[in-house]
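Undergrad: I have a structure I would like to understand better, so I am pasting it below and will then ask my questions one at a time.
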Amino acid sequence: MEKTTTELLNILNHTDTGEMDDFIENYGKTDMNHAIFSEYMAQQNTTASAIVKGCRGLISKSYVYDILGGIKTNPSRDIVLILCIAAGMDRKMVRRVLENYGHRDLYVKDTRDIIIATYINNQIYDLDRINDELFRYGLTTLNGGLLC
């Protein structure tokens with residue numbers, strides 16, 4: 001069974017330098033799960049076309065399909081967030097997907113992240129509403145790389 005991040009942090013906090021190699025061998029895996037989106041879609045009985053539609057044109061259709069299919073493996077944090085929101089993911093799953101792609105979780109002391117997390121926590125997956133709120137605060141919108 002996979003250990004939670006909290007459990008791993010507890011073990012790491014009690015690991016001395018002589019035990020570090022064992023810790024890394026057991027828990028230091030950085031393999032990316034290229035199928036994380038397809039696994040989620042299967043669990044939630046959703047489709048790639050529904051996620052494309054949820055992206056509201058902020059990401060090109062072909063790029064969305066490439067990421068969801070595991071072909072593109074290094075999307076930006078904002079692209080990953082757009083996809084997570086379009087897929088209707090809860091906070092726990094958003095964190096897992098962000099970490100999977102090597103991005104930091106939504107940070108509670110970052111106003112932009114607070115806004116995004118609040119909408120996700122309240123199951124409001126409307127990118128237009130989230131972007132309106134970000135704009136209201138003078139923050140960078142989730143735009144998939146489009147110029148605003």
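Note on naming: chains are A, B, ... as they come in the structure tokens, residues start from 1 per chain, ligands start from 1 in the order shown.
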Give me, as a short mmCIF file (atom, residue, chain, number, x, y, z; two decimals) with N, CA, C and O atoms, in the first residue's frame, all polymer residues having an atom no more than 12 Å from A:Arg129, counting only C-alpha atoms and skipping those fewer than 3 positions away in the same chain.

TA:
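So around.cif came out as:
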data_model
loop_
_atom_site.label_atom_id
_atom_site.label_comp_id
_atom_site.auth_asym_id
_atom_site.auth_seq_id
_atom_site.Cartn_x
_atom_site.Cartn_y
_atom_site.Cartn_z
N ARG A 56 -13.15 25.51 -22.52
CA ARG A 56 -13.69 26.76 -23.05
C ARG A 56 -12.79 27.42 -24.10
O ARG A 56 -12.73 28.65 -24.18
N ILE A 85 -9.71 21.60 -13.73
CA ILE A 85 -10.99 22.29 -13.54
C ILE A 85 -12.00 21.81 -14.57
O ILE A 85 -13.14 21.50 -14.24
N ILE A 115 -8.06 31.83 -4.82
CA ILE A 115 -9.26 31.97 -5.64
C ILE A 115 -9.56 30.67 -6.38
O ILE A 115 -10.68 30.16 -6.35
N ILE A 116 -8.55 30.11 -7.03
CA ILE A 116 -8.73 28.87 -7.78
C ILE A 116 -9.18 27.74 -6.84
O ILE A 116 -10.14 27.02 -7.14
N THR A 118 -10.67 27.94 -3.94
CA THR A 118 -12.01 28.18 -3.41
C THR A 118 -13.09 27.73 -4.39
O THR A 118 -14.07 27.10 -4.00
N TYR A 119 -12.90 28.04 -5.66
CA TYR A 119 -13.87 27.59 -6.66
C TYR A 119 -13.88 26.06 -6.76
O TYR A 119 -14.95 25.44 -6.83
N ILE A 120 -12.71 25.45 -6.74
CA ILE A 120 -12.64 23.99 -6.80
C ILE A 120 -13.30 23.38 -5.56
O ILE A 120 -14.08 22.43 -5.67
N ILE A 124 -17.26 24.55 -8.23
CA ILE A 124 -17.63 25.48 -9.31
C ILE A 124 -16.50 25.39 -10.33
O ILE A 124 -15.43 25.97 -10.14
N TYR A 125 -16.75 24.66 -11.40
CA TYR A 125 -15.72 24.37 -12.38
C TYR A 125 -15.89 25.21 -13.65
O TYR A 125 -15.61 24.75 -14.74
N ASP A 126 -16.32 26.43 -13.49
CA ASP A 126 -16.57 27.34 -14.60
C ASP A 126 -15.35 28.24 -14.76
O ASP A 126 -15.13 29.17 -13.96
N ASP A 132 -12.91 35.59 -14.29
CA ASP A 132 -13.49 36.89 -13.92
C ASP A 132 -13.03 37.29 -12.53
O ASP A 132 -12.71 38.46 -12.29
N GLU A 133 -13.02 36.34 -11.62
CA GLU A 133 -12.59 36.63 -10.24
C GLU A 133 -11.10 36.98 -10.20
O GLU A 133 -10.69 37.92 -9.52
N LEU A 134 -10.29 36.24 -10.94
CA LEU A 134 -8.85 36.55 -11.00
C LEU A 134 -8.64 37.95 -11.57
O LEU A 134 -7.84 38.73 -11.04
N PHE A 135 -9.36 38.26 -12.63
CA PHE A 135 -9.26 39.58 -13.26
C PHE A 135 -9.68 40.68 -12.28
O PHE A 135 -9.05 41.73 -12.21
N ARG A 136 -10.75 40.42 -11.52
CA ARG A 136 -11.24 41.40 -10.54
C ARG A 136 -10.15 41.75 -9.52
O ARG A 136 -10.06 42.89 -9.06
N THR A 141 -4.98 35.63 -15.41
CA THR A 141 -6.06 34.65 -15.59
C THR A 141 -5.47 33.33 -16.08
O THR A 141 -4.33 33.27 -16.55
N LEU A 142 -6.28 32.29 -15.94
CA LEU A 142 -5.91 30.98 -16.50
C LEU A 142 -6.21 31.08 -17.98
O LEU A 142 -7.37 31.10 -18.37
#

Undergrad: For stretch 86-98 of chain A, list every protein, DNA or RNA residue within 7 Å, evaluated using only C-alpha atoms, and leave out those in the same chain fewer than 6 positions away; present the list as a PyMOL selection string.

TA: chain A and resi 51+54-55+80+104-105+120-121+125

Undergrad: Excluding A:Ser62 and its own-chain neighbours fewer than 5 positions away, which residues fall within 12 Å of it when counting only C-alpha atoms? Please give them as number ranges by chain.

TA: A: 48-49, 52, 57, 67-69, 71-72
